[in-house]
file final_27.csv (CSV, C-alpha atoms and all ligand atoms)
chain,number,residue,atom,x,y,z
A,306,MET,CA,-2.9,-3.2,-25.8
A,307,ASN,CA,-6.0,-1.3,-24.8
A,308,HIS,CA,-4.6,2.0,-23.4
A,309,ILE,CA,-2.0,4.5,-24.2
A,310,ILE,CA,0.2,7.0,-22.2
A,311,ALA,CA,-1.4,10.4,-22.8
A,312,SER,CA,1.3,12.5,-21.1
A,313,VAL,CA,4.4,12.3,-18.9
A,314,ALA,CA,5.6,14.8,-16.4
A,315,ALA,CA,8.6,14.7,-14.0
A,316,HIS,CA,7.8,15.5,-10.3
A,317,SER,CA,11.4,14.9,-9.2
A,318,ALA,CA,14.7,13.4,-10.5
A,319,ALA,CA,13.3,9.9,-9.6
A,320,VAL,CA,9.5,10.3,-9.9
A,321,LYS,CA,7.5,10.7,-13.1
A,322,GLU,CA,3.8,11.0,-13.5
A,323,PHE,CA,2.2,9.1,-16.3
A,324,GLN,CA,-1.4,9.8,-17.5
A,325,ILE,CA,-3.2,6.9,-19.1
A,326,ARG,CA,-6.3,6.9,-21.2
A,327,ARG,CA,-8.2,4.5,-23.3
A,328,LYS,CA,-7.1,4.2,-26.9
A,329,ASP,CA,-10.6,5.0,-28.1
A,330,GLY,CA,-10.9,8.1,-25.8
A,331,ALA,CA,-13.9,6.7,-24.0
A,332,PRO,CA,-14.4,7.5,-20.3
A,333,LEU,CA,-12.6,5.3,-17.7
A,334,PRO,CA,-14.5,3.6,-14.9
A,335,ASP,CA,-15.1,5.7,-11.8
A,336,TRP,CA,-12.6,5.0,-9.0
A,337,GLN,CA,-12.4,5.3,-5.2
A,338,PRO,CA,-9.7,6.6,-2.9
A,339,GLY,CA,-6.9,4.1,-2.4
A,340,ALA,CA,-7.6,2.3,-5.7
A,341,HIS,CA,-4.9,0.9,-7.9
A,342,ILE,CA,-4.5,-0.4,-11.5
A,343,VAL,CA,-2.5,-3.2,-13.0
A,344,LEU,CA,-0.3,-2.2,-15.9
A,345,ARG,CA,1.3,-4.7,-18.3
A,346,PHE,CA,3.9,-3.4,-20.7
A,347,THR,CA,6.8,-4.7,-22.8
A,348,ALA,CA,10.3,-3.3,-23.0
A,349,ALA,CA,12.2,-2.8,-26.2
A,350,ASP,CA,14.3,-6.0,-25.4
A,351,GLY,CA,11.1,-8.0,-25.2
A,352,SER,CA,10.9,-8.2,-21.3
A,353,THR,CA,7.4,-8.0,-20.0
A,354,PHE,CA,6.3,-6.4,-16.8
A,355,GLU,CA,3.1,-6.4,-14.7
A,356,ASN,CA,3.1,-3.8,-12.0
A,357,HIS,CA,0.5,-2.3,-9.6
A,358,TYR,CA,0.2,1.4,-9.4
A,359,SER,CA,-2.0,3.5,-7.1
A,360,LEU,CA,-4.2,6.1,-8.8
A,361,VAL,CA,-3.3,9.6,-7.9
A,362,GLY,CA,-5.6,12.7,-7.7
A,363,ALA,CA,-9.3,13.3,-7.1
A,364,PRO,CA,-11.3,10.0,-7.3
A,365,GLY,CA,-14.4,9.6,-9.3
A,366,ALA,CA,-15.2,9.9,-13.0
A,367,ALA,CA,-12.2,10.2,-15.2
A,368,HIS,CA,-10.9,10.3,-18.8
A,369,VAL,CA,-7.4,9.8,-17.7
A,370,TYR,CA,-5.8,8.0,-14.8
A,371,ARG,CA,-2.7,9.4,-13.1
A,372,ILE,CA,0.0,7.3,-11.7
A,373,ALA,CA,3.4,8.4,-10.1
A,374,VAL,CA,6.2,6.0,-10.7
A,375,GLN,CA,9.5,6.1,-8.8
A,376,ARG,CA,12.5,4.8,-10.8
A,377,GLU,CA,13.9,1.9,-8.8
A,378,GLU,CA,17.6,1.4,-9.8
A,379,HIS,CA,17.7,-2.0,-8.1
A,380,GLY,CA,14.2,-3.2,-8.8
A,381,LYS,CA,13.1,-5.8,-11.4
A,382,GLY,CA,13.2,-3.2,-14.2
A,383,GLY,CA,9.6,-2.2,-14.7
A,384,SER,CA,10.0,1.3,-13.3
A,385,ARG,CA,13.3,1.8,-15.3
A,386,CYS,CA,11.5,0.6,-18.5
A,387,LEU,CA,8.6,3.1,-18.0
A,388,HIS,CA,10.9,6.0,-17.2
A,389,ASP,CA,13.3,5.3,-20.0
A,390,GLU,CA,11.2,3.9,-22.8
A,391,PHE,CA,7.6,5.1,-22.4
A,392,GLY,CA,6.2,8.4,-23.5
A,393,PRO,CA,3.1,10.0,-24.9
A,394,GLY,CA,1.5,7.5,-27.3
A,395,SER,CA,3.2,4.4,-25.9
A,396,GLU,CA,0.8,1.5,-25.5
A,397,VAL,CA,0.1,-0.4,-22.3
A,398,GLU,CA,-2.4,-3.0,-21.2
A,399,MET,CA,-4.4,-1.9,-18.2
A,400,SER,CA,-6.8,-3.6,-15.9
A,401,GLY,CA,-8.7,-2.3,-12.9
A,402,PRO,CA,-9.2,-0.2,-11.0
A,403,PHE,CA,-9.1,-2.4,-7.9
A,404,ASN,CA,-9.3,-1.3,-4.3
A,405,SER,CA,-7.7,-3.2,-1.4
A,406,PHE,CA,-7.0,0.0,0.6
A,407,PRO,CA,-10.3,1.7,0.9
A,408,LEU,CA,-11.0,4.9,2.9
A,409,GLN,CA,-13.6,4.0,5.6
A,410,ALA,CA,-16.7,6.2,6.0
A,411,PRO,CA,-16.9,8.2,9.3
A,412,ALA,CA,-18.9,6.7,12.1
A,413,PRO,CA,-22.5,7.9,11.8
A,414,LEU,CA,-23.9,10.3,14.4
A,415,PRO,CA,-26.4,8.7,16.8
A,416,ALA,CA,-30.1,9.4,15.8
A,417,ALA,CA,-31.4,12.7,17.4
A,418,LYS,CA,-34.9,13.2,18.7
A,419,ASP,CA,-35.4,16.7,17.1
A,420,ALA,CA,-33.6,19.4,15.1
A,421,ALA,CA,-32.1,21.1,18.1
A,422,ALA,CA,-30.7,17.9,19.5
A,423,ALA,CA,-29.4,17.1,16.0
A,424,SER,CA,-27.5,20.4,15.8
A,425,ARG,CA,-26.2,19.9,19.3
A,426,ALA,CA,-25.0,16.4,18.5
A,427,ALA,CA,-23.3,17.7,15.3
A,428,ALA,CA,-21.5,20.5,17.2
A,429,GLU,CA,-20.3,18.0,19.9
A,430,ALA,CA,-19.2,15.6,17.2
A,431,LYS,CA,-17.2,18.4,15.5
A,432,ALA,CA,-15.5,19.4,18.7
A,433,ALA,CA,-14.5,15.8,19.4
A,434,ALA,CA,-14.0,14.8,15.8
A,435,PRO,CA,-11.9,11.6,15.5
A,436,ARG,CA,-8.5,12.1,14.0
A,437,VAL,CA,-7.8,10.8,10.5
A,438,LEU,CA,-4.1,10.4,9.9
A,439,LEU,CA,-2.5,9.8,6.5
A,440,ILE,CA,1.1,8.6,6.9
A,441,ALA,CA,3.3,8.2,3.8
A,442,GLY,CA,6.8,6.8,3.6
A,443,GLY,CA,8.5,8.0,0.3
A,444,ILE,CA,6.6,7.1,-2.8
A,445,GLY,CA,3.9,5.6,-0.5
A,446,ILE,CA,2.4,9.0,-0.8
A,447,THR,CA,0.5,7.9,-4.0
A,448,PRO,CA,-2.6,6.2,-2.6
A,449,LEU,CA,-2.8,8.8,0.2
A,450,VAL,CA,-3.1,11.7,-2.3
A,451,SER,CA,-6.5,10.3,-3.4
A,452,MET,CA,-7.5,9.8,0.2
A,453,ALA,CA,-6.6,13.4,0.9
A,454,HIS,CA,-8.7,14.6,-2.0
A,455,ALA,CA,-11.6,12.5,-0.8
A,456,LEU,CA,-11.4,13.8,2.8
A,457,ALA,CA,-11.1,17.4,1.7
A,458,ALA,CA,-14.2,16.9,-0.5
A,459,GLN,CA,-16.1,15.4,2.5
A,460,GLN,CA,-14.9,18.3,4.6
A,461,ARG,CA,-13.2,15.9,7.1
A,462,PRO,CA,-10.1,17.4,8.6
A,463,PHE,CA,-7.1,15.2,8.4
A,464,GLU,CA,-3.3,15.2,9.2
A,465,LEU,CA,-0.9,14.1,6.5
A,466,HIS,CA,2.5,13.0,7.7
A,467,TYR,CA,5.0,12.6,4.9
A,468,LEU,CA,8.2,10.8,5.7
A,469,ALA,CA,11.2,10.9,3.4
A,470,ARG,CA,15.0,10.6,3.6
A,471,SER,CA,15.6,14.0,1.9
A,472,ALA,CA,13.5,16.9,0.7
A,473,ASP,CA,14.0,16.1,-3.0
A,474,ARG,CA,12.1,12.9,-2.5
A,475,LEU,CA,8.9,14.7,-1.5
A,476,VAL,CA,6.5,14.9,-4.5
A,477,LEU,CA,3.0,16.1,-5.2
A,478,LEU,CA,3.3,18.6,-2.3
A,479,ASP,CA,1.7,21.5,-4.2
A,480,GLU,CA,-1.4,19.5,-4.9
A,481,LEU,CA,-1.6,18.4,-1.3
A,482,ARG,CA,-1.0,21.9,0.1
A,483,ALA,CA,-3.9,23.2,-2.0
A,484,LEU,CA,-6.4,21.0,-0.3
A,485,PRO,CA,-8.7,22.4,2.4
A,486,HIS,CA,-9.0,20.6,5.8
A,487,ALA,CA,-5.4,19.4,5.6
A,488,THR,CA,-2.6,19.8,8.2
A,489,ILE,CA,0.6,18.7,6.6
A,490,TRP,CA,3.7,17.6,8.5
A,491,LEU,CA,7.0,16.8,6.7
A,492,HIS,CA,9.4,14.5,8.4
A,493,VAL,CA,12.8,14.7,6.5
A,494,SER,CA,15.4,12.5,8.2
A,495,GLN,CA,18.4,14.1,6.6
A,496,GLU,CA,17.3,17.5,7.9
A,497,GLY,CA,17.1,16.1,11.5
A,498,ARG,CA,13.3,15.8,11.4
A,499,ARG,CA,12.9,12.1,11.7
A,500,ALA,CA,9.3,11.2,12.6
A,501,ASP,CA,8.6,10.3,16.2
A,502,LEU,CA,5.9,7.7,15.7
A,503,GLU,CA,4.8,7.7,19.3
A,504,ALA,CA,4.1,11.4,19.3
A,505,LEU,CA,2.6,11.3,15.8
A,506,LEU,CA,0.0,8.6,16.7
A,507,GLY,CA,-0.7,9.6,20.3
A,508,THR,CA,-3.1,7.7,22.4
A,509,HIS,CA,-6.1,6.3,20.5
A,510,ARG,CA,-9.5,7.8,21.0
A,511,ALA,CA,-12.8,6.4,19.8
A,512,GLY,CA,-13.1,6.8,16.0
A,513,ASP,CA,-9.4,7.7,15.4
A,514,SER,CA,-7.9,5.9,12.4
A,515,PHE,CA,-4.8,6.0,10.3
A,516,TYR,CA,-3.9,5.0,6.7
A,517,ALA,CA,-0.3,4.4,6.0
A,518,CYS,CA,1.6,3.4,2.9
A,519,GLY,CA,5.3,2.9,2.7
A,520,PRO,CA,8.1,0.3,3.2
A,521,ALA,CA,7.2,-2.7,5.3
A,522,ALA,CA,9.6,-1.7,8.1
A,523,LEU,CA,7.8,1.6,8.6
A,524,LEU,CA,4.4,-0.1,8.6
A,525,GLN,CA,5.5,-2.6,11.1
A,526,SER,CA,6.9,0.1,13.4
A,527,LEU,CA,3.5,1.9,13.1
A,528,ALA,CA,1.6,-1.2,13.9
A,529,ASP,CA,3.9,-2.0,16.9
A,530,THR,CA,3.7,1.6,18.2
A,531,GLY,CA,-0.1,1.8,17.6
A,532,ALA,CA,-0.6,-1.4,19.6
A,533,ARG,CA,1.4,0.0,22.5
A,534,LEU,CA,-0.7,3.2,22.5
A,535,GLY,CA,-4.0,1.3,22.5
A,536,TRP,CA,-4.8,1.6,18.8
A,537,PRO,CA,-7.1,-1.3,17.8
A,538,ALA,CA,-6.0,-3.3,14.7
A,539,ALA,CA,-9.3,-2.2,12.9
A,540,ALA,CA,-8.2,1.5,13.1
A,541,MET,CA,-4.8,0.9,11.5
A,542,HIS,CA,-5.0,0.6,7.7
A,543,VAL,CA,-1.9,-0.1,5.7
A,544,GLU,CA,-0.6,-0.7,2.2
A,545,SER,CA,2.9,-1.8,1.9
A,546,PHE,CA,5.7,-2.0,-0.7
A,547,GLY,CA,9.3,-3.0,-0.4
A,548,PRO,CA,10.9,-6.2,0.7
A,549,ARG,CA,9.0,-9.2,-0.8
A,550,ALA,CA,10.7,-12.4,-2.0
A,551,GLN,CA,14.2,-11.3,-2.8
A,552,GLN,CA,16.8,-12.5,-5.4
A,553,ASP,CA,19.5,-12.7,-2.8
A,554,ASP,CA,17.5,-14.9,-0.4
A,555,ALA,CA,19.0,-18.4,0.1
A,556,PRO,CA,17.3,-21.2,-1.8
A,557,LEU,CA,14.4,-22.7,0.2
A,558,THR,CA,13.0,-26.2,0.6
A,559,VAL,CA,9.4,-26.3,1.7
A,560,GLU,CA,7.9,-29.6,3.0
A,561,LEU,CA,4.2,-29.9,3.3
A,562,SER,CA,3.2,-32.2,6.1
A,563,LEU,CA,-0.4,-33.0,5.1
A,564,SER,CA,0.0,-33.4,1.4
A,565,GLN,CA,3.5,-35.1,1.7
A,566,MET,CA,5.1,-32.9,-0.9
A,567,THR,CA,8.5,-31.2,-1.1
A,568,ILE,CA,8.8,-28.0,-3.1
A,569,GLU,CA,12.0,-26.2,-4.0
A,570,VAL,CA,11.4,-22.5,-4.0
A,571,ALA,CA,13.9,-20.4,-6.0
A,572,PRO,CA,15.0,-17.0,-4.5
A,573,GLY,CA,12.8,-14.3,-5.8
A,574,THR,CA,9.7,-16.5,-6.0
A,575,PRO,CA,7.1,-16.0,-3.3
A,576,ILE,CA,6.4,-19.3,-1.4
A,577,LEU,CA,2.7,-18.7,-2.1
A,578,GLU,CA,3.3,-18.7,-5.9
A,579,ALA,CA,5.4,-21.9,-5.7
A,580,LEU,CA,2.5,-23.5,-3.7
A,581,ILE,CA,-0.1,-22.4,-6.3
A,582,ALA,CA,2.2,-23.6,-9.2
A,583,ALA,CA,2.3,-27.0,-7.4
A,584,ASP,CA,-1.5,-27.1,-7.3
A,585,VAL,CA,-1.6,-26.9,-3.5
A,586,PHE,CA,-4.9,-25.6,-2.2
A,587,VAL,CA,-4.1,-22.3,-0.5
A,588,SER,CA,-6.1,-19.2,0.5
A,589,TYR,CA,-4.8,-15.7,-0.3
A,590,GLU,CA,-6.1,-12.2,-1.0
A,591,CYS,CA,-3.7,-9.3,-1.0
A,592,LYS,CA,-0.4,-11.2,-1.8
A,593,ARG,CA,1.4,-8.3,0.0
A,594,GLY,CA,1.6,-9.4,3.6
A,595,GLU,CA,-1.3,-7.2,4.7
A,596,CYS,CA,-4.4,-9.4,5.1
A,597,GLY,CA,-3.3,-12.6,6.7
A,598,SER,CA,-5.4,-14.8,4.3
A,599,CYS,CA,-2.4,-16.9,3.4
A,600,TYR,CA,-1.4,-17.5,7.0
A,601,THR,CA,0.0,-21.1,7.4
A,602,PRO,CA,1.1,-22.9,10.5
A,603,VAL,CA,4.9,-23.6,10.5
A,604,LEU,CA,5.8,-27.0,12.1
A,605,GLU,CA,9.6,-26.8,11.6
A,606,GLY,CA,12.1,-24.2,10.5
A,607,GLN,CA,12.6,-20.5,11.3
A,608,PRO,CA,10.4,-18.1,9.2
A,609,LEU,CA,11.8,-14.7,8.2
A,610,HIS,CA,8.7,-12.6,8.6
A,611,ARG,CA,8.0,-9.8,6.1
A,612,ASP,CA,4.3,-9.3,6.6
A,613,VAL,CA,2.7,-6.3,8.2
A,614,CYS,CA,-0.4,-7.9,9.7
A,615,LEU,CA,0.5,-10.7,12.1
A,616,THR,CA,0.6,-10.4,15.9
A,617,PRO,CA,3.7,-11.7,17.7
A,618,ALA,CA,1.7,-14.7,18.9
A,619,MET,CA,0.6,-15.6,15.3
A,620,ARG,CA,4.2,-15.2,14.1
A,621,SER,CA,5.5,-17.6,16.7
A,622,ALA,CA,3.2,-20.3,15.2
A,623,GLY,CA,3.0,-19.6,11.5
A,624,MET,CA,3.7,-17.2,8.6
A,625,CYS,CA,2.3,-15.4,5.6
A,626,THR,CA,3.6,-17.4,2.6
A,627,CYS,CA,3.0,-14.5,0.2
A,628,VAL,CA,5.9,-12.4,1.4
A,629,SER,CA,7.9,-14.2,4.1
A,630,TRP,CA,10.9,-16.5,3.7
A,631,ALA,CA,13.0,-18.7,5.9
A,632,ALA,CA,16.2,-18.0,7.9
A,633,ALA,CA,19.1,-20.3,7.2
A,634,PRO,CA,19.4,-23.2,6.6
A,635,GLY,CA,16.4,-22.6,4.3
A,636,ARG,CA,14.0,-25.4,5.2
A,637,LEU,CA,10.4,-25.0,6.4
A,638,VAL,CA,7.8,-27.6,7.2
A,639,LEU,CA,4.3,-26.2,6.7
A,640,GLU,CA,1.0,-27.7,7.9
A,641,LEU,CA,-0.5,-27.9,4.4
B,701,LIG,S1,-2.3,-13.0,0.9
B,701,LIG,FE1,-2.6,-11.3,2.2
B,701,LIG,S2,-1.1,-11.6,3.7
B,701,LIG,FE2,-0.7,-13.1,2.3
call {"tool": "encode", "arguments": {"input": "final_27.csv", "output": "structure tokens", "more": "lines below"}}
Ligand code: FES
result
Amino acid sequence: MNHIIASVAAHSAAVKEFQIRRKDGAPLPDWQPGAHIVLRFTAADGSTFENHYSLVGAPGAAHVYRIAVQREEHGKGGSRCLHDEFGPGSEVEMSGPFNSFPLQAPAPLPAAKDAAAASRAAAEAKAAAPRVLLIAGGIGITPLVSMAHALAAQQRPFELHYLARSADRLVLLDELRALPHATIWLHVSQEGRRADLEALLGTHRAGDSFYACGPAALLQSLADTGARLGWPAAAMHVESFGPRAQQDDAPLTVELSLSQMTIEVAPGTPILEALIAADVFVSYECKRGECGSCYTPVLEGQPLHRDVCLTPAMRSAGMCTCVSWAAAPGRLVLEL
């Protein structure tokens, strides 16, 4: 184990912040907004876990990394283990930071002929500044906190929309409210303030972009609503969590038409992982249904789509094997 937990603090009944540092006290690598780390740790009963956590706080140089972990009662056990068994001095194995959810730089101003033209262009750009929206569903707030810090440091105004079922699920609000250039909207469904995604996104204007993190269903609704309102795919940046391969899925038989193989995939195992284990040549990148790299044509069977990146046309002809499954009777023929 190369790192230890430096401190733990509760942000709510279900969310704890863990600060992590190197065992030797040396500085950690600089990190960028949207970055995450991979933590490996072992429970008292010997179970091992490998989980991804977004880094929280102001990006850049660091001696400690902050993560906020929501205790998932019905998850695989990693969050319960961290909450119940890990405290200051506990050892963890850490790798990263990695970044598959980067904050894009603003579009540059066109070159101006002279200083007066440059200041006119800057004033016009400010008046028509593109909107930057940060949209969080529940604990999906974590990568957006670092984006909020970065936007504030760059003096780029932004809107933060924070969606949660109840107010006690909103965390890190004091830190967010202290940031300049932020307009914060809370959408708490139990208080009758459910987010209206159409109103929230509005019609797309040149340069507008959003960054969203939350359950796959929220991200899919945002993508569908954005597409209806003219948002180009390149302006919609998402990072998902939530339904992946699930233990209560039906068993699945996957037949590969080109390599003439049949693979039985156990519930809870991503199809992509079963393909990799069987030495099938496959492409992939995010393994979270966000990039489309694992897209595979489906020749027979009915996929159960759980990605957040495919268009309806793509879904009618194929699937993302990293997150999607099959509707009953649990048989797919893939063009692989
Ligand atoms: S690997 Fe990115 S969508 Fe499957």
call {"tool": "atom_distance", "arguments": {"input": "final_27.csv", "atom1": "CA of Leu333 (chain A)", "atom2": "CA of Ile309 (chain A)"}}
result
12.5 Å
call {"tool": "closest_atom_pairs", "arguments": {"input": "final_27.csv", "of": "chain A", "to": "ligand LIG 701 (chain B)", "cutoff": "8 Å", "atoms": "all atoms listed in the file", "output": "CSV"}}
result
residue,atom,partner,partner_atom,distance
A:Leu577,CA,B:LIG701,FE2,7.9
A:Ser588,CA,B:LIG701,S1,7.3
A:Tyr589,CA,B:LIG701,S1,3.9
A:Glu590,CA,B:LIG701,S1,4.3
A:Cys591,CA,B:LIG701,FE1,3.9
A:Lys592,CA,B:LIG701,S1,3.8
A:Arg593,CA,B:LIG701,FE1,5.5
A:Gly594,CA,B:LIG701,S2,3.5
A:Glu595,CA,B:LIG701,S2,4.5
A:Cys596,CA,B:LIG701,FE1,3.9
A:Gly597,CA,B:LIG701,S2,3.9
A:Ser598,CA,B:LIG701,S1,4.9
A:Cys599,CA,B:LIG701,FE2,4.3
A:Tyr600,CA,B:LIG701,FE2,6.5
A:Asp612,CA,B:LIG701,S2,6.5
A:Val613,CA,B:LIG701,S2,7.9
A:Cys614,CA,B:LIG701,S2,7.1
A:Cys625,CA,B:LIG701,FE2,5.0
A:Thr626,CA,B:LIG701,FE2,6.1
A:Cys627,CA,B:LIG701,FE2,4.5
A:Val628,CA,B:LIG701,FE2,6.7
call {"tool": "residues_around", "arguments": {"input": "final_27.csv", "residues": "Pro608 (chain A)", "least_positions_apart": "3", "cutoff": "7 Å", "atoms": "all atoms listed in the file", "output": "NGL selection string"}}
result
:A and (624 or 629-632)
call {"tool": "atom_distance", "arguments": {"input": "final_27.csv", "atom1": "CA of Pro572 (chain A)", "atom2": "CA of Thr353 (chain A)"}}
result
19.5 Å
call {"tool": "closest_atom_pairs", "arguments": {"input": "final_27.csv", "of": "region 354-463 of chain A", "to": "region 337-342 of chain A", "cutoff": "10 Å", "atoms": "all atoms listed in the file", "output": "Markdown table"}}
result
| residue | atom | partner | partner_atom | distance |
| --- | --- | --- | --- | --- |
| A:Asn356 | CA | A:Ile342 | CA | 8.3 |
| A:His357 | CA | A:Ile342 | CA | 5.7 |
| A:Tyr358 | CA | A:His341 | CA | 5.3 |
| A:Ser359 | CA | A:His341 | CA | 4.0 |
| A:Leu360 | CA | A:His341 | CA | 5.3 |
| A:Val361 | CA | A:Gly339 | CA | 8.6 |
| A:Gly362 | CA | A:Pro338 | CA | 8.8 |
| A:Ala363 | CA | A:Pro338 | CA | 7.9 |
| A:Pro364 | CA | A:Gln337 | CA | 5.3 |
| A:Gly365 | CA | A:Gln337 | CA | 6.3 |
| A:Ala366 | CA | A:Gln337 | CA | 9.5 |
| A:Tyr370 | CA | A:Ile342 | CA | 9.1 |
| A:Ile372 | CA | A:His341 | CA | 8.9 |
| A:Met399 | CA | A:Ile342 | CA | 6.9 |
| A:Ser400 | CA | A:Ile342 | CA | 5.9 |
| A:Gly401 | CA | A:Ile342 | CA | 4.8 |
| A:Pro402 | CA | A:Ile342 | CA | 4.7 |
| A:Phe403 | CA | A:His341 | CA | 5.3 |
| A:Asn404 | CA | A:Ala340 | CA | 4.2 |
| A:Ser405 | CA | A:Ala340 | CA | 7.0 |
| A:Phe406 | CA | A:Gly339 | CA | 5.1 |
| A:Pro407 | CA | A:Gly339 | CA | 5.3 |
| A:Leu408 | CA | A:Pro338 | CA | 6.2 |
| A:Gln409 | CA | A:Pro338 | CA | 9.7 |
| A:Thr447 | CA | A:Gly339 | CA | 8.5 |
| A:Pro448 | CA | A:Gly339 | CA | 4.8 |
| A:Leu449 | CA | A:Gly339 | CA | 6.8 |
| A:Val450 | CA | A:Pro338 | CA | 8.4 |
| A:Ser451 | CA | A:Pro338 | CA | 4.9 |
| A:Met452 | CA | A:Pro338 | CA | 5.0 |
| A:Ala453 | CA | A:Pro338 | CA | 8.4 |
| A:His454 | CA | A:Pro338 | CA | 8.1 |
| A:Ala455 | CA | A:Pro338 | CA | 6.5 |
| A:Leu456 | CA | A:Pro338 | CA | 9.3 |
call {"tool": "residues_around", "arguments": {"input": "final_27.csv", "residues": "Val369 (chain A)", "least_positions_apart": "4", "cutoff": "10 Å", "atoms": "all atoms listed in the file", "output": "ChimeraX atom specification"}}
result
/A:309-312,323-327,330-334
call {"tool": "write_last_selection", "arguments": {"input": "final_27.csv", "atoms": "C-alpha atoms", "output": "PDB file, in the frame of the given file"}}
result
ATOM      1  CA  ILE A 309      -2.000   4.500 -24.200  1.00  0.00           C
ATOM      2  CA  ILE A 310       0.200   7.000 -22.200  1.00  0.00           C
ATOM      3  CA  ALA A 311      -1.400  10.400 -22.800  1.00  0.00           C
ATOM      4  CA  SER A 312       1.300  12.500 -21.100  1.00  0.00           C
ATOM      5  CA  PHE A 323       2.200   9.100 -16.300  1.00  0.00           C
ATOM      6  CA  GLN A 324      -1.400   9.800 -17.500  1.00  0.00           C
ATOM      7  CA  ILE A 325      -3.200   6.900 -19.100  1.00  0.00           C
ATOM      8  CA  ARG A 326      -6.300   6.900 -21.200  1.00  0.00           C
ATOM      9  CA  ARG A 327      -8.200   4.500 -23.300  1.00  0.00           C
ATOM     10  CA  GLY A 330     -10.900   8.100 -25.800  1.00  0.00           C
ATOM     11  CA  ALA A 331     -13.900   6.700 -24.000  1.00  0.00           C
ATOM     12  CA  PRO A 332     -14.400   7.500 -20.300  1.00  0.00           C
ATOM     13  CA  LEU A 333     -12.600   5.300 -17.700  1.00  0.00           C
ATOM     14  CA  PRO A 334     -14.500   3.600 -14.900  1.00  0.00           C
TER      15      PRO A 334
END
call {"tool": "atom_distance", "arguments": {"input": "final_27.csv", "atom1": "CA of Ala314 (chain A)", "atom2": "CA of Val374 (chain A)"}}
result
10.5 Å
call {"tool": "residues_around", "arguments": {"input": "final_27.csv", "residues": "region 318-321 of chain A", "least_positions_apart": "5", "cutoff": "10 Å", "atoms": "all atoms listed in the file", "output": "MDAnalysis selection string"}}
result
chainID A and resid 313 372:378 384:385 387:388 444 473:477
call {"tool": "residues_around", "arguments": {"input": "final_27.csv", "residues": "Leu502 (chain A)", "least_positions_apart": "4", "cutoff": "9 Å", "atoms": "all atoms listed in the file", "output": "list in words"}}
result
Leu506, Gly507, Ser526, Leu527, Thr530 and Gly531 of chain A
call {"tool": "closest_residue", "arguments": {"input": "final_27.csv", "among": "A:Arg371, A:His509, A:His466, A:Arg499", "to": "Gly445 (chain A)", "atoms": "all atoms listed in the file"}}
result
A:His466
call {"tool": "closest_residue", "arguments": {"input": "final_27.csv", "among": "A:Gly442, A:Gly573, A:Pro556, A:Pro602", "to": "Ala633 (chain A)", "atoms": "only C-alpha atoms"}}
result
A:Pro556
call {"tool": "closest_residue", "arguments": {"input": "final_27.csv", "among": "A:Ser352, A:Ala410, A:Ala500, A:Ser395", "to": "Gly383 (chain A)", "atoms": "only C-alpha atoms"}}
result
A:Ser352
call {"tool": "build_atoms", "arguments": {"input": "final_27.csv", "residues": "region 373-384 of chain A", "atoms": "N, CA and C atoms", "output": "PDB file, in the coordinates of the input"}}
result
ATOM      1  N   ALA A 373       2.022   7.830 -10.344  1.00  0.00           N
ATOM      2  CA  ALA A 373       3.400   8.400 -10.100  1.00  0.00           C
ATOM      3  C   ALA A 373       4.304   7.236  -9.895  1.00  0.00           C
ATOM      4  N   VAL A 374       5.341   7.154 -10.709  1.00  0.00           N
ATOM      5  CA  VAL A 374       6.200   6.000 -10.700  1.00  0.00           C
ATOM      6  C   VAL A 374       7.631   6.425 -10.284  1.00  0.00           C
ATOM      7  N   GLN A 375       8.127   5.798  -9.240  1.00  0.00           N
ATOM      8  CA  GLN A 375       9.500   6.100  -8.800  1.00  0.00           C
ATOM      9  C   GLN A 375      10.459   5.127  -9.500  1.00  0.00           C
ATOM     10  N   ARG A 376      11.488   5.680 -10.103  1.00  0.00           N
ATOM     11  CA  ARG A 376      12.500   4.800 -10.800  1.00  0.00           C
ATOM     12  C   ARG A 376      13.284   4.091  -9.719  1.00  0.00           C
ATOM     13  N   GLU A 377      13.218   2.767  -9.759  1.00  0.00           N
ATOM     14  CA  GLU A 377      13.900   1.900  -8.800  1.00  0.00           C
ATOM     15  C   GLU A 377      15.158   1.356  -9.472  1.00  0.00           C
ATOM     16  N   GLU A 378      16.343   1.862  -9.111  1.00  0.00           N
ATOM     17  CA  GLU A 378      17.600   1.400  -9.800  1.00  0.00           C
ATOM     18  C   GLU A 378      17.801  -0.086  -9.566  1.00  0.00           C
ATOM     19  N   HIS A 379      17.395  -0.597  -8.396  1.00  0.00           N
ATOM     20  CA  HIS A 379      17.700  -2.000  -8.100  1.00  0.00           C
ATOM     21  C   HIS A 379      16.439  -2.860  -8.087  1.00  0.00           C
ATOM     22  N   GLY A 380      15.382  -2.397  -8.735  1.00  0.00           N
ATOM     23  CA  GLY A 380      14.200  -3.200  -8.800  1.00  0.00           C
ATOM     24  C   GLY A 380      14.222  -4.194  -9.943  1.00  0.00           C
ATOM     25  N   LYS A 381      13.069  -4.729 -10.317  1.00  0.00           N
ATOM     26  CA  LYS A 381      13.100  -5.800 -11.400  1.00  0.00           C
ATOM     27  C   LYS A 381      13.119  -5.178 -12.757  1.00  0.00           C
ATOM     28  N   GLY A 382      13.033  -3.862 -12.897  1.00  0.00           N
ATOM     29  CA  GLY A 382      13.200  -3.200 -14.200  1.00  0.00           C
ATOM     30  C   GLY A 382      11.985  -2.558 -14.758  1.00  0.00           C
ATOM     31  N   GLY A 383      10.808  -2.806 -14.154  1.00  0.00           N
ATOM     32  CA  GLY A 383       9.600  -2.200 -14.700  1.00  0.00           C
ATOM     33  C   GLY A 383       9.590  -0.696 -14.619  1.00  0.00           C
ATOM     34  N   SER A 384      10.025  -0.154 -13.483  1.00  0.00           N
ATOM     35  CA  SER A 384      10.000   1.300 -13.300  1.00  0.00           C
ATOM     36  C   SER A 384      11.062   1.941 -14.260  1.00  0.00           C
TER      37      SER A 384
END
